[in-house]
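Source file: coords.cif; contents: mmCIF, C-alpha atoms and all ligand atoms.
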data_coords
loop_
_atom_site.label_atom_id
_atom_site.label_comp_id
_atom_site.auth_asym_id
_atom_site.auth_seq_id
_atom_site.Cartn_x
_atom_site.Cartn_y
_atom_site.Cartn_z
CA MET U 1 -21.19 -45.86 -62.55
CA GLN U 2 -18.62 -44.16 -60.46
CA ILE U 3 -18.91 -40.86 -58.74
CA VAL U 4 -15.77 -39.06 -57.88
CA ASN U 5 -15.54 -36.06 -55.65
CA VAL U 6 -12.74 -33.65 -56.04
CA LYS U 7 -11.43 -30.26 -55.14
CA LEU U 8 -10.54 -28.12 -58.10
CA PRO U 9 -7.34 -26.11 -58.18
CA ILE U 10 -9.53 -22.98 -58.23
CA SER U 11 -13.17 -22.78 -57.27
CA LEU U 12 -15.88 -22.03 -59.81
CA ALA U 13 -16.53 -18.71 -58.07
CA GLU U 14 -12.88 -17.78 -58.41
CA ALA U 15 -12.85 -18.76 -62.06
CA ASP U 16 -16.03 -16.78 -62.72
CA ALA U 17 -14.61 -13.74 -60.95
CA LEU U 18 -11.81 -13.54 -63.50
CA LYS U 19 -12.21 -10.98 -66.26
CA PRO U 20 -13.87 -12.43 -69.36
CA ASN U 21 -10.65 -12.33 -71.35
CA ASP U 22 -8.81 -14.14 -68.62
CA VAL U 23 -11.30 -16.96 -68.20
CA PRO U 24 -9.44 -20.10 -69.17
CA ALA U 25 -11.07 -22.96 -71.05
CA HIS U 26 -12.88 -25.14 -68.57
CA VAL U 27 -11.13 -28.24 -69.78
CA GLU U 28 -8.01 -28.40 -71.91
CA PHE U 29 -5.98 -31.29 -73.30
CA ARG U 30 -2.47 -30.20 -74.32
CA ASN U 31 -0.72 -32.63 -76.65
CA VAL U 32 -1.88 -35.60 -74.64
CA THR U 33 -0.67 -39.07 -75.63
CA LYS U 34 -1.60 -42.30 -73.89
CA MET U 35 0.37 -45.39 -74.85
CA TYR U 36 -0.64 -48.92 -74.01
CA GLY U 37 2.51 -50.80 -74.91
CA ALA U 38 3.11 -49.93 -78.55
CA VAL U 39 -0.51 -48.79 -79.11
CA ALA U 40 -1.31 -45.10 -78.87
CA ALA U 41 -4.89 -45.13 -77.57
CA VAL U 42 -4.77 -41.32 -77.72
CA ARG U 43 -2.13 -39.54 -79.78
CA ASP U 44 -1.09 -35.90 -79.38
CA LEU U 45 -4.62 -34.83 -78.49
CA SER U 46 -5.21 -31.11 -78.05
CA LEU U 47 -8.65 -29.73 -77.39
CA THR U 48 -10.46 -27.18 -75.28
CA VAL U 49 -13.96 -27.26 -73.86
CA GLY U 50 -15.58 -24.01 -72.79
CA ARG U 51 -17.54 -23.55 -69.60
CA GLY U 52 -21.11 -24.76 -70.03
CA GLU U 53 -20.39 -26.37 -73.37
CA PHE U 54 -21.83 -29.76 -74.36
CA VAL U 55 -19.15 -31.50 -76.35
CA THR U 56 -19.44 -34.96 -77.82
CA ILE U 57 -16.51 -37.16 -78.72
CA LEU U 58 -17.65 -39.28 -81.63
CA GLY U 59 -15.71 -42.05 -83.29
CA PRO U 60 -15.65 -45.71 -84.20
CA SER U 61 -14.80 -48.48 -81.77
CA GLY U 62 -11.21 -48.30 -80.58
CA SER U 63 -10.67 -44.67 -81.66
CA GLY U 64 -9.72 -43.58 -78.13
CA LYS U 65 -12.95 -42.03 -76.86
CA THR U 66 -13.12 -43.79 -73.51
CA THR U 67 -9.39 -43.33 -73.01
CA ALA U 68 -9.81 -39.55 -73.47
CA LEU U 69 -12.55 -39.55 -70.84
CA MET U 70 -10.51 -41.73 -68.46
CA LEU U 71 -7.58 -39.35 -68.81
CA LEU U 72 -9.79 -36.42 -67.89
CA ALA U 73 -11.31 -38.30 -64.97
CA GLY U 74 -7.83 -39.16 -63.76
CA PHE U 75 -8.37 -42.92 -63.95
CA VAL U 76 -5.41 -43.22 -66.31
CA ALA U 77 -2.37 -40.95 -66.51
CA PRO U 78 -1.11 -39.44 -69.76
CA THR U 79 2.13 -40.87 -71.13
CA GLN U 80 2.84 -37.37 -72.46
CA GLY U 81 1.18 -33.99 -72.38
CA ASP U 82 -0.94 -32.20 -69.82
CA ILE U 83 -4.60 -31.81 -68.87
CA LEU U 84 -5.82 -28.53 -67.42
CA ILE U 85 -9.02 -27.76 -65.60
CA GLY U 86 -9.85 -24.10 -65.17
CA GLY U 87 -6.40 -23.28 -66.53
CA ASN U 88 -4.53 -25.39 -63.99
CA SER U 89 -2.75 -28.66 -64.58
CA VAL U 90 -4.40 -31.60 -62.87
CA ALA U 91 -1.52 -33.96 -63.55
CA ALA U 92 -0.88 -34.28 -59.85
CA VAL U 93 -4.56 -34.41 -58.81
CA PRO U 94 -5.73 -37.97 -58.18
CA SER U 95 -9.09 -39.05 -59.60
CA TYR U 96 -10.83 -39.09 -56.24
CA ARG U 97 -10.02 -35.42 -55.85
CA ARG U 98 -11.40 -34.35 -59.24
CA ASP U 99 -14.84 -32.89 -58.84
CA GLN U 100 -16.97 -34.47 -61.52
CA GLY U 101 -20.05 -36.48 -62.15
CA ILE U 102 -19.55 -39.54 -64.29
CA VAL U 103 -22.09 -41.76 -66.03
CA PHE U 104 -20.90 -44.87 -67.79
CA GLN U 105 -22.84 -47.00 -70.21
CA SER U 106 -23.43 -49.68 -67.59
CA TYR U 107 -25.24 -47.33 -65.25
CA ALA U 108 -24.34 -49.42 -62.23
CA LEU U 109 -26.48 -48.04 -59.47
CA PHE U 110 -25.69 -49.63 -56.11
CA PRO U 111 -28.08 -52.58 -56.25
CA HIS U 112 -28.42 -52.94 -52.47
CA LEU U 113 -29.40 -49.31 -51.94
CA THR U 114 -32.76 -47.69 -52.66
CA VAL U 115 -32.94 -45.04 -55.36
CA GLY U 116 -33.02 -42.37 -52.66
CA LYS U 117 -29.92 -43.80 -50.95
CA ASN U 118 -28.16 -44.02 -54.29
CA LEU U 119 -28.73 -40.31 -54.75
CA GLU U 120 -27.71 -39.53 -51.19
CA PHE U 121 -24.37 -41.27 -51.57
CA PRO U 122 -22.43 -38.53 -53.39
CA LEU U 123 -23.76 -35.96 -50.93
CA GLU U 124 -22.66 -38.10 -48.00
CA MET U 125 -19.23 -38.50 -49.58
CA ARG U 126 -18.97 -34.73 -49.66
CA GLY U 127 -19.82 -34.46 -46.00
CA ILE U 128 -23.17 -32.79 -46.53
CA LYS U 129 -25.30 -33.02 -43.39
CA ALA U 130 -28.18 -35.51 -43.26
CA ALA U 131 -30.81 -32.79 -42.81
CA GLU U 132 -29.69 -31.13 -46.04
CA ARG U 133 -29.42 -34.34 -48.01
CA LEU U 134 -33.04 -35.41 -48.13
CA PRO U 135 -34.45 -32.18 -49.59
CA ARG U 136 -31.74 -32.27 -52.27
CA VAL U 137 -32.55 -35.86 -53.11
CA ASN U 138 -36.24 -35.03 -53.42
CA ARG U 139 -35.54 -31.99 -55.56
CA MET U 140 -33.36 -34.05 -57.87
CA LEU U 141 -35.95 -36.82 -58.13
CA GLU U 142 -38.51 -34.22 -59.21
CA ARG U 143 -36.12 -32.87 -61.83
CA VAL U 144 -35.84 -36.26 -63.46
CA HIS U 145 -39.57 -36.88 -63.07
CA LEU U 146 -39.18 -39.81 -60.69
CA GLU U 147 -40.42 -38.22 -57.48
CA ASP U 148 -42.33 -41.34 -56.38
CA PHE U 149 -39.43 -43.71 -56.87
CA GLY U 150 -37.16 -42.86 -53.95
CA ASP U 151 -38.00 -46.01 -51.97
CA ARG U 152 -37.63 -48.47 -54.83
CA MET U 153 -34.65 -50.67 -55.39
CA PRO U 154 -32.77 -50.18 -58.70
CA SER U 155 -33.91 -53.63 -59.86
CA GLN U 156 -37.50 -52.39 -59.68
CA LEU U 157 -36.84 -49.67 -62.29
CA SER U 158 -36.93 -49.90 -66.07
CA GLY U 159 -33.71 -49.34 -68.00
CA GLY U 160 -34.67 -45.76 -68.84
CA GLN U 161 -35.57 -44.99 -65.25
CA GLN U 162 -32.25 -46.42 -64.05
CA GLN U 163 -30.51 -44.25 -66.61
CA ARG U 164 -32.27 -41.16 -65.34
CA ILE U 165 -31.30 -42.00 -61.76
CA ALA U 166 -27.70 -42.53 -62.88
CA LEU U 167 -27.76 -39.04 -64.42
CA ALA U 168 -29.41 -37.62 -61.32
CA ARG U 169 -26.73 -39.21 -59.14
CA ALA U 170 -24.00 -37.72 -61.30
CA LEU U 171 -25.59 -34.27 -61.08
CA ILE U 172 -26.73 -34.14 -57.47
CA ALA U 173 -23.51 -32.91 -55.91
CA ASP U 174 -23.30 -30.01 -58.42
CA PRO U 175 -20.10 -31.18 -60.07
CA PRO U 176 -18.37 -28.59 -62.25
CA PHE U 177 -18.48 -30.97 -65.15
CA LEU U 178 -20.16 -34.12 -66.27
CA LEU U 179 -18.51 -37.00 -68.09
CA LEU U 180 -20.76 -39.39 -69.98
CA ASP U 181 -19.57 -42.57 -71.66
CA GLU U 182 -22.19 -43.99 -74.02
CA PRO U 183 -24.82 -42.91 -71.48
CA LEU U 184 -27.75 -44.16 -73.55
CA GLY U 185 -26.05 -47.17 -75.10
CA ALA U 186 -28.20 -49.73 -73.33
CA LEU U 187 -31.56 -48.20 -74.23
CA ASP U 188 -33.84 -48.96 -77.14
CA ARG U 189 -34.27 -46.40 -79.86
CA LYS U 190 -37.47 -44.76 -78.66
CA LEU U 191 -36.18 -44.42 -75.12
CA ARG U 192 -32.88 -43.10 -76.38
CA GLU U 193 -34.63 -40.34 -78.26
CA GLN U 194 -36.69 -39.46 -75.22
CA MET U 195 -33.60 -39.43 -73.00
CA GLN U 196 -31.72 -37.30 -75.53
CA ILE U 197 -34.38 -34.64 -75.19
CA GLU U 198 -34.28 -34.95 -71.40
CA MET U 199 -30.51 -34.75 -71.29
CA LYS U 200 -30.59 -31.67 -73.46
CA SER U 201 -33.08 -29.95 -71.22
CA LEU U 202 -31.15 -30.99 -68.08
CA HIS U 203 -28.05 -29.50 -69.68
CA GLN U 204 -29.86 -26.28 -70.44
CA GLU U 205 -31.22 -26.14 -66.91
CA PHE U 206 -27.94 -26.88 -65.13
CA GLY U 207 -25.59 -25.26 -67.66
CA ILE U 208 -22.99 -27.82 -66.69
CA THR U 209 -19.94 -28.42 -68.88
CA THR U 210 -20.52 -31.85 -70.36
CA ILE U 211 -18.25 -34.18 -72.26
CA CYS U 212 -20.09 -37.10 -73.77
CA VAL U 213 -18.57 -40.05 -75.57
CA THR U 214 -20.59 -41.92 -78.16
CA HIS U 215 -20.37 -43.81 -81.40
CA ASP U 216 -23.98 -42.90 -82.17
CA GLN U 217 -23.99 -40.11 -84.72
CA GLU U 218 -27.61 -39.18 -84.12
CA GLU U 219 -26.98 -38.73 -80.43
CA ALA U 220 -23.99 -36.55 -81.18
CA LEU U 221 -25.94 -34.39 -83.66
CA THR U 222 -28.90 -33.99 -81.31
CA LEU U 223 -27.11 -33.19 -78.07
CA SER U 224 -23.94 -31.33 -78.80
CA ASP U 225 -22.83 -27.75 -79.08
CA ARG U 226 -19.73 -29.18 -80.68
CA ILE U 227 -18.65 -32.58 -81.94
CA ILE U 228 -15.10 -33.93 -81.90
CA VAL U 229 -14.64 -36.73 -84.41
CA MET U 230 -11.86 -39.10 -83.40
CA ARG U 231 -10.05 -41.62 -85.53
CA ALA U 232 -7.23 -43.87 -84.35
CA GLY U 233 -6.49 -41.81 -81.26
CA GLN U 234 -6.47 -38.45 -83.01
CA ILE U 235 -8.95 -35.69 -83.73
CA GLU U 236 -10.08 -35.88 -87.33
CA GLN U 237 -12.28 -32.77 -87.20
CA THR U 238 -14.16 -30.69 -84.68
CA ASP U 239 -17.05 -28.31 -85.31
CA THR U 240 -20.71 -27.63 -84.57
CA PRO U 241 -23.01 -30.49 -85.60
CA GLU U 242 -24.38 -28.56 -88.55
CA ALA U 243 -21.03 -27.38 -89.87
CA LEU U 244 -19.55 -30.85 -89.48
CA TYR U 245 -22.38 -32.47 -91.38
CA ASP U 246 -22.51 -29.82 -94.06
CA ARG U 247 -18.78 -29.32 -94.50
CA PRO U 248 -16.93 -32.49 -93.55
CA ALA U 249 -13.21 -32.06 -94.11
CA THR U 250 -12.49 -35.71 -94.87
CA ALA U 251 -14.20 -38.69 -96.45
CA PHE U 252 -13.95 -40.41 -93.07
CA VAL U 253 -16.01 -37.69 -91.36
CA ALA U 254 -18.46 -37.54 -94.28
CA ASN U 255 -19.06 -41.28 -94.02
CA PHE U 256 -19.08 -41.50 -90.26
CA LEU U 257 -21.53 -38.65 -89.81
CA GLY U 258 -24.35 -39.59 -92.15
CA GLU U 259 -24.13 -41.10 -95.61
CA ALA U 260 -21.99 -39.73 -98.36
CA ASN U 261 -21.73 -40.20 -102.12
CA ILE U 262 -18.11 -39.92 -103.12
CA LEU U 263 -18.46 -38.83 -106.73
CA ASP U 264 -15.08 -39.72 -108.20
CA ILE U 265 -16.12 -43.31 -108.88
CA HIS U 266 -18.61 -42.28 -111.52
CA ASP U 267 -18.17 -41.87 -115.21
CA PHE U 268 -19.05 -38.23 -115.44
CA LYS U 269 -17.22 -35.01 -114.85
CA VAL U 270 -18.36 -33.41 -111.63
CA LYS U 271 -19.24 -29.78 -111.95
CA SER U 272 -18.94 -27.66 -108.89
CA THR U 273 -18.97 -24.01 -107.91
CA VAL U 274 -15.62 -24.29 -106.14
CA GLU U 275 -12.18 -25.43 -107.23
CA SER U 276 -11.09 -28.82 -105.99
CA GLN U 277 -7.91 -28.99 -103.92
CA PRO U 278 -5.27 -31.65 -104.51
CA GLY U 279 -5.92 -34.79 -102.48
CA THR U 280 -9.67 -34.22 -102.28
CA VAL U 281 -12.64 -35.90 -103.91
CA PRO U 282 -16.11 -34.50 -104.61
CA MET U 283 -18.90 -35.62 -102.28
CA ILE U 284 -22.63 -35.06 -102.16
CA ARG U 285 -25.15 -36.01 -99.47
CA PRO U 286 -27.96 -38.36 -100.57
CA GLU U 287 -30.70 -35.90 -99.58
CA ARG U 288 -29.24 -33.22 -101.85
CA ILE U 289 -29.97 -35.28 -104.94
CA SER U 290 -33.35 -35.04 -106.69
CA ILE U 291 -34.76 -37.96 -108.59
CA ALA U 292 -37.24 -37.80 -111.49
CA ALA U 293 -38.47 -39.91 -114.38
CA LEU U 294 -36.43 -39.36 -117.54
CA THR U 295 -39.51 -38.06 -119.32
CA ASP U 296 -40.56 -35.70 -116.50
CA GLN U 297 -37.55 -33.58 -116.26
CA LYS U 298 -35.78 -31.25 -118.62
CA GLU U 299 -32.31 -29.93 -118.09
CA THR U 300 -33.71 -26.50 -117.44
CA ASP U 301 -31.15 -25.18 -115.03
CA ALA U 302 -27.90 -26.55 -116.39
CA GLU U 303 -25.97 -23.47 -115.24
CA LYS U 304 -26.63 -24.20 -111.59
CA ARG U 305 -27.38 -27.90 -111.56
CA GLN U 306 -25.75 -31.08 -112.72
CA TYR U 307 -27.87 -33.72 -114.43
CA VAL U 308 -27.00 -37.40 -114.81
CA THR U 309 -29.00 -40.43 -115.85
CA GLY U 310 -29.06 -43.74 -114.11
CA ARG U 311 -31.00 -46.92 -113.49
CA ILE U 312 -32.67 -47.87 -110.20
CA LYS U 313 -30.85 -50.76 -108.59
CA GLU U 314 -32.76 -50.88 -105.34
CA MET U 315 -35.51 -49.05 -103.50
CA ILE U 316 -35.49 -49.16 -99.71
CA TYR U 317 -38.57 -47.97 -97.87
CA ALA U 318 -37.85 -46.66 -94.36
CA GLY U 319 -41.08 -45.04 -93.10
CA PRO U 320 -40.67 -41.31 -93.57
CA LEU U 321 -37.83 -41.82 -96.02
CA ARG U 322 -37.28 -43.70 -99.23
CA LYS U 323 -33.80 -44.57 -100.31
CA TYR U 324 -32.75 -45.40 -103.84
CA HIS U 325 -29.55 -47.00 -104.99
CA VAL U 326 -29.09 -45.77 -108.52
CA ARG U 327 -26.52 -47.17 -110.90
CA VAL U 328 -24.81 -44.29 -112.67
CA GLY U 329 -22.05 -45.33 -115.03
CA SER U 330 -19.87 -47.79 -113.17
CA GLY U 331 -20.85 -46.57 -109.72
CA VAL U 332 -23.91 -46.36 -107.49
CA LEU U 333 -25.38 -43.18 -106.06
CA ILE U 334 -27.54 -43.16 -102.96
CA VAL U 335 -30.53 -40.85 -103.13
CA ARG U 336 -32.73 -40.11 -100.16
CA GLU U 337 -36.18 -38.67 -100.47
CA HIS U 338 -38.81 -37.72 -97.92
CA VAL U 339 -41.98 -39.67 -98.56
CA ALA U 340 -44.75 -37.33 -99.69
CA THR U 341 -48.28 -37.64 -101.03
CA GLY U 342 -48.57 -38.00 -104.78
CA GLN U 343 -44.87 -38.72 -105.18
CA LYS U 344 -43.70 -41.03 -107.92
CA VAL U 345 -42.12 -44.23 -106.64
CA PHE U 346 -39.46 -45.78 -108.85
CA LYS U 347 -38.89 -49.48 -109.23
CA PRO U 348 -35.69 -51.43 -109.81
CA GLY U 349 -34.72 -51.33 -113.47
CA GLU U 350 -36.39 -47.98 -114.18
CA GLU U 351 -34.36 -45.27 -115.83
CA VAL U 352 -34.22 -42.00 -113.94
CA ARG U 353 -32.57 -38.65 -114.07
CA LEU U 354 -30.76 -37.37 -111.01
CA ASP U 355 -29.78 -33.80 -110.46
CA TRP U 356 -28.31 -31.61 -107.77
CA LEU U 357 -27.13 -28.10 -107.20
CA ARG U 358 -23.49 -27.68 -108.13
CA SER U 359 -23.11 -25.62 -104.96
CA ASP U 360 -24.08 -28.67 -102.89
CA VAL U 361 -20.97 -30.56 -103.95
CA ARG U 362 -18.25 -30.64 -101.24
CA PHE U 363 -14.62 -31.63 -101.56
CA VAL U 364 -13.34 -33.96 -98.89
CA ALA U 365 -9.79 -35.16 -98.24
CA ILE U 366 -9.09 -38.86 -98.72
N1 LIG H 401 -6.24 -50.85 -70.52
C1 LIG H 401 -5.85 -51.01 -71.79
N2 LIG H 401 -4.79 -51.80 -72.13
C2 LIG H 401 -4.38 -51.92 -73.39
N3 LIG H 401 -4.97 -51.33 -74.45
C3 LIG H 401 -6.05 -50.56 -74.20
C4 LIG H 401 -6.54 -50.37 -72.87
N4 LIG H 401 -7.62 -49.54 -72.94
C5 LIG H 401 -7.79 -49.26 -74.25
N5 LIG H 401 -6.85 -49.85 -75.01
C6 LIG H 401 -6.70 -49.73 -76.47
O1 LIG H 401 -6.71 -48.38 -76.81
C7 LIG H 401 -7.49 -48.11 -77.96
C8 LIG H 401 -8.59 -47.13 -77.66
O2 LIG H 401 -9.51 -47.72 -76.75
P1 LIG H 401 -10.78 -46.95 -76.19
O3 LIG H 401 -11.40 -47.79 -75.14
O4 LIG H 401 -10.39 -45.57 -75.79
O5 LIG H 401 -11.71 -46.87 -77.49
P2 LIG H 401 -13.20 -46.33 -77.69
O6 LIG H 401 -13.13 -45.28 -78.73
O7 LIG H 401 -13.78 -45.95 -76.37
O8 LIG H 401 -13.94 -47.61 -78.30
P3 LIG H 401 -15.45 -48.18 -78.06
O9 LIG H 401 -16.35 -47.39 -78.97
O10 LIG H 401 -15.31 -49.59 -78.52
O11 LIG H 401 -15.77 -48.05 -76.61
C9 LIG H 401 -7.96 -49.48 -78.44
O12 LIG H 401 -7.09 -49.94 -79.42
C10 LIG H 401 -7.88 -50.33 -77.19
O13 LIG H 401 -7.66 -51.69 -77.51
MG MG H 402 -15.41 -46.73 -75.21
#
Just give me the structure as structure tokens.
Amino acid sequence: MQIVNVKLPISLAEADALKPNDVPAHVEFRNVTKMYGAVAAVRDLSLTVGRGEFVTILGPSGSGKTTALMLLAGFVAPTQGDILIGGNSVAAVPSYRRDQGIVFQSYALFPHLTVGKNLEFPLEMRGIKAAERLPRVNRMLERVHLEDFGDRMPSQLSGGQQQRIALARALIADPPFLLLDEPLGALDRKLREQMQIEMKSLHQEFGITTICVTHDQEEALTLSDRIIVMRAGQIEQTDTPEALYDRPATAFVANFLGEANILDIHDFKVKSTVESQPGTVPMIRPERISIAALTDQKETDAEKRQYVTGRIKEMIYAGPLRKYHVRVGSGVLIVREHVATGQKVFKPGEEVRLDWLRSDVRFVAI
């Protein structure tokens, strides 16, 4: 982990004193490109992040997420374009003068310093007097529920505890924004979920503008006010988690954020409540499809719903969920059902009827 202390072109107080209409985006990328040789790690990237917003950059490996964060932190310089903080270009501001807390996936705490000294470090770097430092360290330790751990060495902490200290160290000097690169990547699932909740509540408490990079869709959905989906150095789509999941613009987003059934591979005509646009294909989420025995279900609501028949190929039990792969014509549809008492369980080979609301069909660009 690296902590970088910086002076902003304008102070937060100055920015806040501006009239609401004049308040610039906290962070802005303007047509930023970063070339590594012939490879554009980031290509013509334009985005704004509002003050206090929690934005997640989500994308597959190599899509340019870390590069975007490095550009903002000032560790790499754009080949083209400009980055603004509080409305002012930071092109000429070196990384050590950008005021931000950073947490990287390898939450490298200083191994030779106690937890307390680790937390004191950013305060010391900022020239905060010794008498003031200790109360701040103690307050921060309480906030991350590790008040008794100040004297331990990092090696004496669990992974989750180290992660919390890394976050605490990034936050302790009140940076105007927080940059997180796969902050929970090294933790097991249970701990990740716990830390997601803690990070969310820390964000609510501190109200700090946060830009988080992840390839974990669940993390992005849970934490963010807004998600930016990146693909090959460019923004594919950006929206709130719910809007992005419910109305993905492209097949890439639909598949990256959750599971998607692209319906054009099946031997039936898809009925929908909206007109399809050229270059798009119909898509439906697995949880929007109902499954029933052929004999159980009548086509009672054919105006609103679409009915197809199929044969169970596979049943996958996953605790609270059951997933079916159902062969329909020449394709396979994925159906996801919450496990409930008294529910019929279908076996491979069984014939079933699937149906869904026509209004649940989305058209995504390919
Ligand atoms: N220092 C570098 N030199 C050359 N190429 C680089 C460098 N850093 C990144 N790249 C290339 O730029 C592209 C984007 O890399 P980046 O690290 O931003 O991806 P990422 O989205 O963070 O991926 P991951 O999820 O694997 O961390 C990749 O093709 C990568 O190989
Ligand atoms: Mg990365």
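When only C-alpha atoms and all ligand atoms are used to compute distances to ligand LIG 401 (chain H), the closest of the residues U:Asp355, U:Glu259, U:Asp181, U:Glu28 turns out to be U:Asp181.
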Contacts of ligand LIG 401 (chain H), 8 Å or closer, all atoms listed in the file, given as a ChimeraX atom specification: /U:35-37,39-42,59-68,213-215,230,232-233
I'd like the neighbourhood of His145 in chain U as a ChimeraX atom specification, where a residue qualifies if any of its atoms comes within 12 Å (using all atoms listed in the file), though same-chain residues fewer than 4 positions away should be ignored. /U:138-141,149-150,160-161,164-165,168,195,198,202
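CA of Ala293 in chain U sits 23.0 Å away from CA of Ser359 in chain U.
Residues of protein, DNA and RNA with at least one atom no farther than 8 Å from (-7.6, -32.0, -75.4) are, using only C-alpha atoms, Val27, Glu28, Phe29, Arg30, Asn31, Val32, Leu45, Ser46, Leu47, Thr48 and Ile83 of chain U.
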Include C-alpha atoms and write out the residues we just selected as a PDB file, in the coordinates of the input.
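Here's the written file part14.pdb:
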ATOM      1  CA  VAL U  27     -11.130 -28.240 -69.780  1.00  0.00           C
ATOM      2  CA  GLU U  28      -8.010 -28.400 -71.910  1.00  0.00           C
ATOM      3  CA  PHE U  29      -5.980 -31.290 -73.300  1.00  0.00           C
ATOM      4  CA  ARG U  30      -2.470 -30.200 -74.320  1.00  0.00           C
ATOM      5  CA  ASN U  31      -0.720 -32.630 -76.650  1.00  0.00           C
ATOM      6  CA  VAL U  32      -1.880 -35.600 -74.640  1.00  0.00           C
ATOM      7  CA  LEU U  45      -4.620 -34.830 -78.490  1.00  0.00           C
ATOM      8  CA  SER U  46      -5.210 -31.110 -78.050  1.00  0.00           C
ATOM      9  CA  LEU U  47      -8.650 -29.730 -77.390  1.00  0.00           C
ATOM     10  CA  THR U  48     -10.460 -27.180 -75.280  1.00  0.00           C
ATOM     11  CA  ILE U  83      -4.600 -31.810 -68.870  1.00  0.00           C
TER      12      ILE U  83
END
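Rounded to one decimal, CA of Glu287 in chain U and CA of Val352 in chain U lie 16.0 Å from each other.
Coordinates place CA of Ser155 in chain U at a distance of 27.9 Å from CA of Ile211 in chain U.
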Identify, on the basis of all atoms listed in the file, every residue whose closest approach to range 304-306 of chain U does not exceed 7 Å; exclude the query and any residue fewer than 4 positions from it along the same chain; express the result as JSON, numbers by chain. {"U": [271, 355, 356, 357, 358]}
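Using all atoms listed in the file, the nearest neighbour of ligand MG 402 (chain H) within the list U:Ala25, U:Gln343, U:Ile57, U:Ile172 is U:Ile57.
If you measure from each of U:Leu180, U:Leu294, U:Leu223, U:Val144 to ligand MG 402 (chain H) using all atoms listed in the file, the closest one turns out to be U:Leu180.
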Name the residues in contact with Thr56 in chain U at a cut-off of 7 Å, using all atoms listed in the file, excluding same-chain residues fewer than 6 positions from it; report them as a ChimeraX atom specification. /U:211-213,220,224,226-228
Selection: 10 Å around Val345 in chain U, all atoms listed in the file, excl. self and same-chain fewer than 3 positions, as a list of chain:residue names: U:Ile291, U:Ala292, U:Ala293, U:Met315, U:Arg322, U:Tyr324, U:Val339, U:Gly342
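Among the candidates U:Met70, U:Ala108, U:Ala254, U:Val55, the residue lying nearest to ligand MG 402 (chain H) is U:Met70 (atoms considered: all atoms listed in the file).
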Between U:Asp148, U:Tyr307, U:Ala302, U:Pro183, which residue has the minimum interatomic distance to ligand MG 402 (chain H), considering only C-alpha atoms and all ligand atoms? U:Pro183
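Nearest to ligand MG 402 (chain H) of all the residues U:Gly50, U:Gly74, U:Pro122, U:Gly185 is U:Gly185, based on all atoms listed in the file.
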Which residues, protein or nucleic acid, reach to within 12 Å of (-10.5, -28.2, -68.8) in the file's coordinates when using only C-alpha atoms, and can you give that as an MDAnalysis selection string? chainID U and resid 8:10 15 23:30 46:53 55 69 71:73 82:91 98:100 176:179 209:211
Using the file's own x, y and z axes, what box holds all listed atoms of range 120-127 of chain U with 3 Å on each side, keeping edges along x, y and z, and what are its centre and edge lengths in Å to one decimal, as AutoDock Vina command-line options?
--center_x -23.3 --center_y -37.9 --center_z -49.7 --size_x 14.7 --size_y 12.8 --size_z 13.4
Near range 336-338 of chain U, within 12 Å and counting all atoms listed in the file, which residues show up once chain neighbours fewer than 2 positions away are dropped, as a CSV table (one decimal) with C-alpha atoms, in the frame of the given file?
chain,number,residue,atom,x,y,z
U,258,GLY,CA,-24.4,-39.6,-92.2
U,259,GLU,CA,-24.1,-41.1,-95.6
U,260,ALA,CA,-22.0,-39.7,-98.4
U,261,ASN,CA,-21.7,-40.2,-102.1
U,284,ILE,CA,-22.6,-35.1,-102.2
U,285,ARG,CA,-25.2,-36.0,-99.5
U,286,PRO,CA,-28.0,-38.4,-100.6
U,287,GLU,CA,-30.7,-35.9,-99.6
U,288,ARG,CA,-29.2,-33.2,-101.8
U,289,ILE,CA,-30.0,-35.3,-104.9
U,290,SER,CA,-33.4,-35.0,-106.7
U,291,ILE,CA,-34.8,-38.0,-108.6
U,292,ALA,CA,-37.2,-37.8,-111.5
U,314,GLU,CA,-32.8,-50.9,-105.3
U,315,MET,CA,-35.5,-49.0,-103.5
U,316,ILE,CA,-35.5,-49.2,-99.7
U,317,TYR,CA,-38.6,-48.0,-97.9
U,318,ALA,CA,-37.8,-46.7,-94.4
U,319,GLY,CA,-41.1,-45.0,-93.1
U,320,PRO,CA,-40.7,-41.3,-93.6
U,321,LEU,CA,-37.8,-41.8,-96.0
U,322,ARG,CA,-37.3,-43.7,-99.2
U,323,LYS,CA,-33.8,-44.6,-100.3
U,324,TYR,CA,-32.8,-45.4,-103.8
U,325,HIS,CA,-29.6,-47.0,-105.0
U,326,VAL,CA,-29.1,-45.8,-108.5
U,333,LEU,CA,-25.4,-43.2,-106.1
U,334,ILE,CA,-27.5,-43.2,-103.0
U,340,ALA,CA,-44.8,-37.3,-99.7
U,341,THR,CA,-48.3,-37.6,-101.0
U,342,GLY,CA,-48.6,-38.0,-104.8
U,343,GLN,CA,-44.9,-38.7,-105.2
U,344,LYS,CA,-43.7,-41.0,-107.9
U,345,VAL,CA,-42.1,-44.2,-106.6
U,346,PHE,CA,-39.5,-45.8,-108.8
U,354,LEU,CA,-30.8,-37.4,-111.0
